file structure.pdb (PDB, C-alpha atoms)
ATOM      1  CA  MET A   1       0.000   0.000   0.000
ATOM      2  CA  ASN A   2       1.437   3.367  -1.076
ATOM      3  CA  LYS A   3       1.141   5.508   2.022
ATOM      4  CA  SER A   4       3.529   7.808   3.804
ATOM      5  CA  PRO A   5       3.541   9.570   7.180
ATOM      6  CA  GLU A   6       3.335  12.878   5.322
ATOM      7  CA  ALA A   7       0.260  11.809   3.334
ATOM      8  CA  ILE A   8      -1.439  10.492   6.475
ATOM      9  CA  PHE A   9      -0.739  13.725   8.348
ATOM     10  CA  ASP A  10      -1.965  15.810   5.406
ATOM     11  CA  ILE A  11      -5.283  13.952   5.234
ATOM     12  CA  LEU A  12      -5.873  14.216   8.969
ATOM     13  CA  TYR A  13      -4.889  17.888   9.133
ATOM     14  CA  ILE A  14      -6.777  19.036   6.037
ATOM     15  CA  GLY A  15      -9.686  16.738   6.839
ATOM     16  CA  SER A  16     -10.055  18.175  10.344
ATOM     17  CA  HIS A  17     -10.257  21.709   8.926
ATOM     18  CA  LEU A  18     -12.712  20.760   6.180
ATOM     19  CA  GLN A  19     -14.786  18.896   8.742
ATOM     20  CA  THR A  20     -14.973  21.989  10.939
ATOM     21  CA  LYS A  21     -15.997  24.156   7.994
ATOM     22  CA  LEU A  22     -18.066  21.766   5.870
ATOM     23  CA  GLU A  23     -18.979  18.959   8.322
ATOM     24  CA  ASP A  24     -17.244  16.285   6.241
ATOM     25  CA  PHE A  25     -14.801  15.926   3.330
ATOM     26  CA  ASN A  26     -14.045  13.783   0.310
ATOM     27  CA  LEU A  27     -10.825  12.630  -1.326
ATOM     28  CA  ASN A  28     -11.114  15.121  -4.183
ATOM     29  CA  GLU A  29     -11.139  18.032  -1.721
ATOM     30  CA  ILE A  30      -8.142  16.574   0.108
ATOM     31  CA  GLN A  31      -6.235  16.193  -3.169
ATOM     32  CA  PHE A  32      -6.844  19.820  -4.190
ATOM     33  CA  MET A  33      -5.932  21.234  -0.781
ATOM     34  CA  ALA A  34      -2.797  19.100  -0.507
ATOM     35  CA  TYR A  35      -1.733  20.203  -3.991
ATOM     36  CA  LEU A  36      -2.333  23.840  -3.065
ATOM     37  CA  SER A  37      -0.237  23.328   0.080
ATOM     38  CA  CYS A  38       2.555  21.917  -2.071
ATOM     39  CA  LEU A  39       2.379  24.945  -4.390
ATOM     40  CA  ILE A  40       2.579  27.312  -1.411
ATOM     41  CA  SER A  41       5.678  25.388  -0.298
ATOM     42  CA  LEU A  42       7.225  25.983  -3.728
ATOM     43  CA  TYR A  43       6.361  29.686  -3.474
ATOM     44  CA  ASP A  44       8.245  29.684  -0.166
ATOM     45  CA  LYS A  45      11.283  28.431  -2.139
ATOM     46  CA  ASN A  46      11.318  24.824  -0.993
ATOM     47  CA  PRO A  47      12.462  22.195  -3.510
ATOM     48  CA  ILE A  48       9.904  19.896  -5.101
ATOM     49  CA  ALA A  49      11.289  16.950  -3.125
ATOM     50  CA  PHE A  50      10.311  18.645   0.143
ATOM     51  CA  TRP A  51       6.715  17.496  -0.308
ATOM     52  CA  LYS A  52       7.669  13.779  -0.180
ATOM     53  CA  TYR A  53       4.947  12.532  -2.521
ATOM     54  CA  LYS A  54       3.985  13.335  -6.110
ATOM     55  CA  PHE A  55       0.849  14.335  -7.979
ATOM     56  CA  ILE A  56      -0.454  13.374 -11.379
ATOM     57  CA  LYS A  57      -3.310  14.802 -13.438
ATOM     58  CA  ASN A  58      -6.204  12.355 -13.300
ATOM     59  CA  ASP A  59      -8.878  11.679 -15.907
ATOM     60  CA  TYR A  60     -10.942  14.566 -14.521
ATOM     61  CA  SER A  61      -8.104  17.088 -14.960
ATOM     62  CA  SER A  62      -7.592  17.323 -11.217
ATOM     63  CA  PRO A  63      -4.427  16.838  -9.138
ATOM     64  CA  TYR A  64      -4.216  13.318  -7.749
ATOM     65  CA  SER A  65      -1.751  11.531  -5.479
ATOM     66  CA  VAL A  66      -1.649   7.743  -5.167
ATOM     67  CA  GLU A  67      -0.159   8.139  -1.691
ATOM     68  CA  LEU A  68      -3.092  10.257  -0.532
ATOM     69  CA  HIS A  69      -5.612   7.780  -1.912
ATOM     70  CA  SER A  70      -3.874   4.802  -0.334
ATOM     71  CA  SER A  71      -3.452   6.634   2.954
ATOM     72  CA  LEU A  72      -7.149   7.516   3.053
ATOM     73  CA  ASN A  73      -7.994   3.822   2.569
ATOM     74  CA  PHE A  74      -5.579   2.956   5.370
ATOM     75  CA  LEU A  75      -7.125   5.536   7.704
ATOM     76  CA  GLN A  76     -10.635   4.270   7.001
ATOM     77  CA  LYS A  77      -9.663   0.632   7.419
ATOM     78  CA  ASN A  78      -8.100   1.400  10.804
ATOM     79  CA  SER A  79     -10.994   3.569  12.036
ATOM     80  CA  TYR A  80      -9.135   6.874  11.985
ATOM     81  CA  ILE A  81     -11.879   8.183   9.701
ATOM     82  CA  ASN A  82     -15.429   6.999   9.094
ATOM     83  CA  GLU A  83     -17.505   7.249   5.938
ATOM     84  CA  THR A  84     -20.538   9.463   6.592
ATOM     85  CA  THR A  85     -22.196   9.191   3.192
ATOM     86  CA  GLU A  86     -20.829   7.676   0.003
ATOM     87  CA  ASN A  87     -17.212   8.870  -0.438
ATOM     88  CA  TYR A  88     -17.485  11.488   2.327
ATOM     89  CA  TYR A  89     -15.646  11.159   5.612
ATOM     90  CA  GLN A  90     -15.166  12.490   9.129
ATOM     91  CA  LEU A  91     -12.313  12.052  11.579
ATOM     92  CA  THR A  92     -13.044   9.795  14.535
ATOM     93  CA  GLU A  93     -11.744  10.337  18.068
ATOM     94  CA  ARG A  94      -8.930   7.971  17.160
ATOM     95  CA  GLY A  95      -8.210  10.093  14.094
ATOM     96  CA  TYR A  96      -7.999  13.282  16.138
ATOM     97  CA  SER A  97      -5.703  11.532  18.603
ATOM     98  CA  ASN A  98      -3.434  10.405  15.768
ATOM     99  CA  LEU A  99      -3.448  13.932  14.342
ATOM    100  CA  GLY A 100      -2.366  15.244  17.740
ATOM    101  CA  PHE A 101       0.535  12.776  17.786
ATOM    102  CA  TYR A 102       1.777  13.811  14.344
ATOM    103  CA  ASP A 103       1.250  17.472  15.207
ATOM    104  CA  SER A 104       3.545  17.084  18.213
ATOM    105  CA  LEU A 105       6.468  15.924  16.070
ATOM    106  CA  SER A 106       8.985  18.621  15.202
ATOM    107  CA  SER A 107       9.574  16.988  11.807
ATOM    108  CA  PHE A 108       6.088  18.075  10.692
ATOM    109  CA  LYS A 109       6.356  21.673  11.900
ATOM    110  CA  ASN A 110       7.466  23.193   8.574
ATOM    111  CA  ARG A 111       4.986  21.099   6.609
ATOM    112  CA  LYS A 112       2.096  22.173   8.835
ATOM    113  CA  LYS A 113       2.746  25.821   7.934
ATOM    114  CA  TYR A 114       1.769  25.231   4.305
ATOM    115  CA  LEU A 115      -1.246  23.072   5.132
ATOM    116  CA  GLN A 116      -2.441  25.753   7.530
ATOM    117  CA  ILE A 117      -2.160  28.523   4.936
ATOM    118  CA  ALA A 118      -4.092  26.461   2.386
ATOM    119  CA  CYS A 119      -6.827  25.687   4.905
ATOM    120  CA  ASN A 120      -6.988  29.292   6.138
ATOM    121  CA  SER A 121      -7.556  30.468   2.577
ATOM    122  CA  LEU A 122     -10.965  28.779   2.753
ATOM    123  CA  SER A 123     -12.064  31.428   5.242
ATOM    124  CA  ILE A 124     -11.704  33.964   2.406
ATOM    125  CA  ILE A 125     -12.321  31.960  -0.776
ATOM    126  CA  PRO A 126     -14.941  29.165  -1.065
ATOM    127  CA  ILE A 127     -13.478  25.745  -1.825
ATOM    128  CA  ASN A 128     -15.183  25.516  -5.224
ATOM    129  CA  ILE A 129     -13.458  28.767  -6.262
ATOM    130  CA  VAL A 130     -10.137  27.455  -4.900
ATOM    131  CA  LYS A 131     -10.502  24.307  -7.005
ATOM    132  CA  GLU A 132     -11.409  26.358 -10.087
ATOM    133  CA  ALA A 133      -8.356  28.580  -9.545
ATOM    134  CA  ILE A 134      -5.980  25.642  -9.123
ATOM    135  CA  ARG A 135      -7.151  24.171 -12.427
ATOM    136  CA  LYS A 136      -5.958  27.420 -14.065
ATOM    137  CA  GLU A 137      -2.441  27.534 -12.608
ATOM    138  CA  PRO A 138       0.293  26.905 -15.221
ATOM    139  CA  ILE A 139       0.982  23.253 -14.358
ATOM    140  CA  MET A 140      -2.640  22.114 -14.329
ATOM    141  CA  LYS A 141      -3.485  24.257 -17.365
ATOM    142  CA  SER A 142      -0.676  22.612 -19.334
ATOM    143  CA  ALA A 143      -1.714  19.145 -18.158
ATOM    144  CA  PHE A 144      -5.303  19.839 -19.241
ATOM    145  CA  HIS A 145      -4.182  20.083 -22.862
ATOM    146  CA  ASN A 146      -2.267  16.782 -22.697
ATOM    147  CA  PRO A 147      -4.368  13.597 -22.850
ATOM    148  CA  GLY A 148      -4.109  10.890 -20.218
ATOM    149  CA  LYS A 149      -2.430  10.908 -16.846
ATOM    150  CA  ARG A 150       0.866  12.753 -16.374
ATOM    151  CA  PHE A 151       3.078  13.721 -13.491
ATOM    152  CA  LEU A 152       2.775  17.287 -12.297
ATOM    153  CA  LEU A 153       5.563  19.476 -10.906
ATOM    154  CA  ASP A 154       8.350  18.011 -13.029
ATOM    155  CA  LYS A 155      11.532  20.027 -13.174
ATOM    156  CA  GLU A 156      12.409  22.291 -16.109
ATOM    157  CA  THR A 157       9.186  21.972 -18.086
ATOM    158  CA  PRO A 158       7.758  25.103 -19.743
ATOM    159  CA  ALA A 159       4.782  24.917 -17.381
ATOM    160  CA  MET A 160       7.079  24.717 -14.367
ATOM    161  CA  ILE A 161       9.011  27.742 -15.619
ATOM    162  CA  ALA A 162       5.692  29.597 -16.033
ATOM    163  CA  LEU A 163       4.704  28.680 -12.472
ATOM    164  CA  TYR A 164       7.962  30.003 -11.048
ATOM    165  CA  ASN A 165       7.548  33.138 -13.161
ATOM    166  CA  ASP A 166       4.120  33.614 -11.554
ATOM    167  CA  PHE A 167       5.714  33.230  -8.139
ATOM    168  CA  PHE A 168       8.542  35.631  -8.991
ATOM    169  CA  ASN A 169       6.057  38.311 -10.022
ATOM    170  CA  LEU A 170       3.969  37.631  -6.922
ATOM    171  CA  HIS A 171       7.013  38.039  -4.678
ATOM    172  CA  ILE A 172       7.668  41.429  -6.298
ATOM    173  CA  ALA A 173       4.029  42.528  -6.062
ATOM    174  CA  MET A 174       3.788  41.547  -2.389
ATOM    175  CA  ASN A 175       7.244  42.967  -1.526
ATOM    176  CA  ASP A 176       7.833  39.781   0.484
ATOM    177  CA  ASP A 177       6.288  41.515   3.496
ATOM    178  CA  TYR A 178       3.888  38.703   4.341
ATOM    179  CA  ASN A 179       5.687  36.103   6.421
ATOM    180  CA  ASP A 180       2.499  34.117   7.059
ATOM    181  CA  LEU A 181       2.054  33.543   3.289
ATOM    182  CA  LEU A 182      -1.740  33.814   3.498
ATOM    183  CA  ALA A 183      -1.994  37.144   1.672
ATOM    184  CA  PRO A 184       0.126  36.002  -1.322
ATOM    185  CA  ALA A 185      -1.807  32.724  -1.512
ATOM    186  CA  VAL A 186      -5.163  34.505  -1.529
ATOM    187  CA  VAL A 187      -4.032  37.134  -4.043
ATOM    188  CA  TRP A 188      -2.723  34.416  -6.370
ATOM    189  CA  LEU A 189      -5.862  32.281  -6.088
ATOM    190  CA  GLN A 190      -8.111  35.285  -6.703
ATOM    191  CA  SER A 191      -6.026  36.250  -9.728
ATOM    192  CA  LEU A 192      -6.265  32.734 -11.152
ATOM    193  CA  SER A 193     -10.005  32.541 -10.529
ATOM    194  CA  THR A 194     -10.632  35.607 -12.705
ATOM    195  CA  LYS A 195      -8.865  34.118 -15.720
ATOM    196  CA  ASN A 196     -10.824  32.629 -18.609
ATOM    197  CA  PRO A 197     -11.871  28.992 -18.188
ATOM    198  CA  THR A 198      -9.039  26.566 -18.895
ATOM    199  CA  ILE A 199     -10.917  24.976 -21.773
ATOM    200  CA  ASN A 200     -10.795  28.285 -23.646
ATOM    201  CA  ASP A 201      -7.100  28.994 -23.002
TER
END
call {"tool": "encode", "arguments": {"input": "structure.pdb", "output": "structure tokens"}}
result
Amino acid sequence: MNKSPEAIFDILYIGSHLQTKLEDFNLNEIQFMAYLSCLISLYDKNPIAFWKYKFIKNDYSSPYSVELHSSLNFLQKNSYINETTENYYQLTERGYSNLGFYDSLSSFKNRKKYLQIACNSLSIIPINIVKEAIRKEPIMKSAFHNPGKRFLLDKETPAMIALYNDFFNLHIAMNDDYNDLLAPAVVWLQSLSTKNPTIND
């Protein structure tokens, strides 16, 4: 089973925030929020390898991680999460306890920062708008025009260069005055959401 401590922590952390805001969560929402967290990490000048697991574009032109999917199955099988309705979940008491354990580890401190920013953005931008915006960022937009599944966030692709160019311009526009990263994340998502639909690009 393809699971990692990072993927397990990400599901529990993001899931707990979505559960507080939306009552429950599904895998698609987890995938989008984890991918956004990874992008925020790249904006903060971490290498791609920092994230520990990879994403592909799935058949629905959405970011998808095998590790996240496998980890969600693991968490459900071991009663860390329960299915509320078909394909929607909530953390159990055991899940919250496990989240508290991971949260206490210093090795997850830097990772938590990016998950927190992504989750906090939902207090300003509805999740459906966040998902729409992410589909328009350079990597996903490029993947949309390529049939089949493909790995995202590969080094030295034109789309990756375009993403880093976006981040460079954002750093300049924000004057790097926002240490919490929430303001740049929100500004970027709002900018993406106002672009033409990907299918027309």
call {"tool": "closest_atom_pairs", "arguments": {"input": "structure.pdb", "of": "stretch 143-185 of chain A", "to": "stretch 20-42 of chain A", "cutoff": "10 Å", "atoms": "all atoms listed in the file", "output": "CSV"}}
result
residue,atom,partner,partner_atom,distance
A:Leu152,CA,A:Tyr35,CA,9.9
A:Leu153,CA,A:Leu39,CA,9.1
A:Leu163,CA,A:Leu39,CA,9.2
A:Tyr164,CA,A:Leu42,CA,8.4
A:Phe167,CA,A:Leu42,CA,8.6
A:Leu181,CA,A:Ile40,CA,7.8
A:Leu182,CA,A:Ile40,CA,9.2
A:Pro184,CA,A:Ile40,CA,9.0
A:Ala185,CA,A:Ile40,CA,7.0
call {"tool": "atom_distance", "arguments": {"input": "structure.pdb", "atom1": "atom CA of A:Phe9", "atom2": "atom CA of A:Pro47"}}
result
19.7 Å
call {"tool": "resolve_selection", "arguments": {"input": "structure.pdb", "expression": "the PyMOL selection byres ((chain A and resi 70) around 12)", "output": "ChimeraX atom specification"}}
result
/A:1-5,7-8,11,27,31,53,64-69,71-77
call {"tool": "resolve_selection", "arguments": {"input": "structure.pdb", "expression": "the PyMOL selection byres ((chain A and resi 120) around 12)", "output": "number ranges by chain"}}
result
A: 13-14, 17-18, 20-21, 33, 36-37, 112-119, 121-127, 130, 180-183, 185-186
call {"tool": "resolve_selection", "arguments": {"input": "structure.pdb", "expression": "the PyMOL selection byres ((chain A and resi 95) around 8)", "output": "PyMOL selection string"}}
result
chain A and resi 12+75+79-81+91-94+96-99
